[in-house]
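Asker: Following this message is one structure expressed as C-alpha cells.
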Amino acid sequence: MMKPTGQTLLKAELHVHIEGAAHPELVARLAARHGKNLDAFMRKDGSYIWSDFTNFLECYDQVADVICTPEDYADLTEDYLLRNAAEGCFYTEFFLSPDHVARLGMSYDNLMEGVSEGYQRARTRSLADGFPIEARFIVTCLRHMGPEAAIKVAERVTAKPHPLVTGFGMGGDERLFSQQAFAPAFAIAHQAGLQCTTHAGEFGGPQSVIDALDHLPVTRIGHGVRSVEDPDLLKRLRNEDITLEVCPQSNIALGLYPSLAEHPLESLMQAGVKTTISSDDPPFFASSIGREYDLFQSQTGWSSQEMEQFTRRSLEAAFIDDETRAGLLRRLA
Ligand SMILES: [Zn+2]
C-alpha cells in the first residue's frame, strides 16, 4: 500500500456492491484465471465500455461472471479495501448477493468464506501499514427475484449468524414488486438483529422512499436522492432520523442528473437530511470513494473538516457494534 498521506481526509463508505467494486486490473487478472475474454467490455486503458443503462447492465454481468469462486471474492475484497485505504477510507460496508453467486454455483457459505478471507488479508496488511481498516457486509435480496426468494435469503443469513454480516438490504430492479411485498423478509432479518437498508428514490420517485419507510424496518435508504422532490418526505426523513447513502457519480453516470452542479446532495443537506457519500459501482462510473469526496469538495469549495462530516455521519449510521463505532469516531476526532 498504499498508506494515505497525513493530509488525506478520512473517509467511510456505506454503499458499494461487491461485484461492482471490481477494478479493471483485477478483472483482467480474474478473466485470465478463468480463460475468459472481456475485450468487448474493457478498453486497453482498463476502463469499462458501456453507453446506456441496458448496456451498462450487460457489461456489469460480463464482469461479474469472472468473479466466480471463493478465491476470486477473497482477491476482490482485499483489492478493493486496500484501494480504499490508499484513499483514506478506513471503514467500508459491502453489499453481498447470495442469489447472484448461486447462479455461479457458489453457496452463501462459499461467499462468506471468500470475502472473510479477503477482509482478513486486507486488515492484516492495513495494521502492518499503520492505517487500520474495518469492513462489514450487508446481505441483500434482489427485488426482481421476488418476495419468496427474499425470504429464503433472510432465512439463510439468520440461520447462521456471521460476525461480519451486520445488515440486510435490497437491491435490484426497482420497477418490479413493491417495497411492502418484502416486509416479511425484512422482518426476519430485523428480528435476528440485522440492521436494514433498501434501494429507493433513485429510479423510483419520492413515493418509493415513502413506501420503504411505511413498510420496512430501515434506518438508511440507498440513494433516496429523489426525496428532494417532496418537502413532506424531507421532513419525515429528518424526524425519523434516516440516513441517505448518496452516490453522486452513479446518479450522474446513469442519467438521473446531468452534472454534480445539478445533483441534489446539497439541497438534501440544507433540508436537514442526514447524507453520506458512497461510490455504488465505482470503476463502472470511473469513480472511487476518494474521487466522490474530491469532486464534491471541488464543487462546493468546502474544507476538509467540513467534508469529514460525511465520514462522521457514515460512522454514526454504520451497521456496526457501538465499541467499534466509538473507536472509529475517536480516530476521526
Ligand atoms: Zn446500489
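Please note that chains go A, B, ... in the order of the C-alpha cells, that every chain numbers its residues from 1, and that ligands are numbered from 1 in the order shown.
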When you look at region 179-181 of chain A with a cut-off of 12 Å (counting only C-alpha atoms), what residues show up, excluding the ones that are within fewer than 5 positions of it in the same chain? I need them as a VMD selection string.
Answerer: chain A and resid 141 to 151 169 to 174 186 to 187 197 to 201 204 207 to 218 221
Asker: Counting only C-alpha atoms and all ligand atoms, what are the residues of chain A within 7 Å of ligand 1, and for each of them which pair of atoms is the nearest and at what distance in Å, to one decimal? Sort the table by chain and rising number, as a Markdown table.
Answerer:
```
| residue | atom | partner | partner_atom_place_in_ligand_line | distance |
| --- | --- | --- | --- | --- |
| A:His15 | CA | ligand 1 | 1 (Zn) | 6.3 |
| A:Val16 | CA | ligand 1 | 1 (Zn) | 6.3 |
| A:His17 | CA | ligand 1 | 1 (Zn) | 6.3 |
| A:Gly171 | CA | ligand 1 | 1 (Zn) | 6.5 |
| A:His199 | CA | ligand 1 | 1 (Zn) | 6.6 |
| A:Gly222 | CA | ligand 1 | 1 (Zn) | 6.4 |
| A:Asp280 | CA | ligand 1 | 1 (Zn) | 4.9 |
```
Asker: For CA of Ser303 (chain A) and CA of Asp321 (chain A), quote the distance in Å rounded to one decimal.
Answerer: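 That distance, rounded to one decimal, is 29.6 Å.
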Asker: Using only C-alpha atoms, can you tell me which of A:Phe137, A:Phe203, A:Phe319, A:Tyr48 comes closest to Ile18 (chain A)?
Answerer: A:Phe137
Asker: Sorted by chain and rising residue number, list the residues of region 119-210 of chain A at most 6 Å from region 85-106 of chain A (counting only C-alpha atoms), each with its closest atom pair and distance in Å to one decimal, as JSON lines.
Answerer:
```
{"residue": "A:Ile133", "atom": "CA", "partner": "A:Phe90", "partner_atom": "CA", "distance": 4.4}
{"residue": "A:Glu134", "atom": "CA", "partner": "A:Tyr91", "partner_atom": "CA", "distance": 4.9}
{"residue": "A:Ala135", "atom": "CA", "partner": "A:Thr92", "partner_atom": "CA", "distance": 4.7}
{"residue": "A:Arg136", "atom": "CA", "partner": "A:Glu93", "partner_atom": "CA", "distance": 4.8}
{"residue": "A:Phe137", "atom": "CA", "partner": "A:Phe94", "partner_atom": "CA", "distance": 4.9}
{"residue": "A:Ile138", "atom": "CA", "partner": "A:Phe95", "partner_atom": "CA", "distance": 4.8}
{"residue": "A:Val139", "atom": "CA", "partner": "A:Leu96", "partner_atom": "CA", "distance": 4.8}
{"residue": "A:Thr140", "atom": "CA", "partner": "A:Ser97", "partner_atom": "CA", "distance": 5.2}
```
Asker: Pick out the residues sitting within 12 Å of region 121-132 of chain A, and hand them over as a ChimeraX atom specification; count only C-alpha atoms, and ignore anything fewer than 4 positions along from it in its own chain.
Answerer: /A:1-6,8,10,74-92,114-117,136,327-328,331
Asker: Restricting it to C-alpha atoms, dump the selection as a compact mmCIF listing (two decimals), in the first residue's frame.
Answerer:
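Contents of part-v8.txt, freshly written:
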```txt
# COMPACT_ATOMS: atom_id res chain seq x y z
CA MET A 1 0.00 0.00 0.00
CA MET A 2 -0.89 2.45 -0.06
CA LYS A 3 -0.90 4.21 3.26
CA PRO A 4 -2.62 7.56 2.75
CA THR A 5 -0.60 10.68 3.44
CA GLY A 6 -1.15 12.63 6.64
CA THR A 8 -5.73 12.80 3.34
CA LEU A 10 -10.60 10.19 6.47
CA ALA A 74 -11.21 -13.02 -1.49
CA ASP A 75 -8.98 -11.27 -4.05
CA LEU A 76 -11.71 -8.75 -4.89
CA THR A 77 -12.42 -7.88 -1.25
CA GLU A 78 -8.74 -7.48 -0.44
CA ASP A 79 -8.04 -5.44 -3.58
CA TYR A 80 -10.94 -3.05 -3.04
CA LEU A 81 -10.28 -2.49 0.66
CA LEU A 82 -6.62 -1.73 0.03
CA ARG A 83 -7.54 0.69 -2.76
CA ASN A 84 -9.99 2.38 -0.40
CA ALA A 85 -7.36 2.53 2.34
CA ALA A 86 -4.94 4.20 -0.05
CA GLU A 87 -7.55 6.94 -0.46
CA GLY A 88 -8.03 7.37 3.28
CA CYS A 89 -11.15 5.22 3.61
CA PHE A 90 -10.95 3.31 6.89
CA TYR A 91 -14.47 1.84 7.01
CA THR A 92 -16.36 0.08 4.19
CA GLY A 114 -14.13 -15.78 0.28
CA VAL A 115 -14.99 -12.29 1.49
CA SER A 116 -13.92 -13.03 5.10
CA GLU A 117 -10.53 -14.25 3.86
CA ARG A 136 -18.72 -5.18 7.33
CA GLY A 327 -13.12 3.60 18.15
CA LEU A 328 -13.54 4.78 14.56
CA ARG A 331 -9.79 8.32 15.11
```
Asker: How many Å lie between CA of Leu295 (chain A) and CA of Ser278 (chain A), rounded to one decimal?
Answerer: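 The value is 12.2 Å.
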Asker: Based on the backbone DSSP call, show me all residues of region 54-212 of chain A assigned helix (DSSP H, G or I), as number ranges by chain.
Answerer: A: 54-64, 70-86, 98-103, 108-128, 143-145, 147-159, 180-191, 206-212
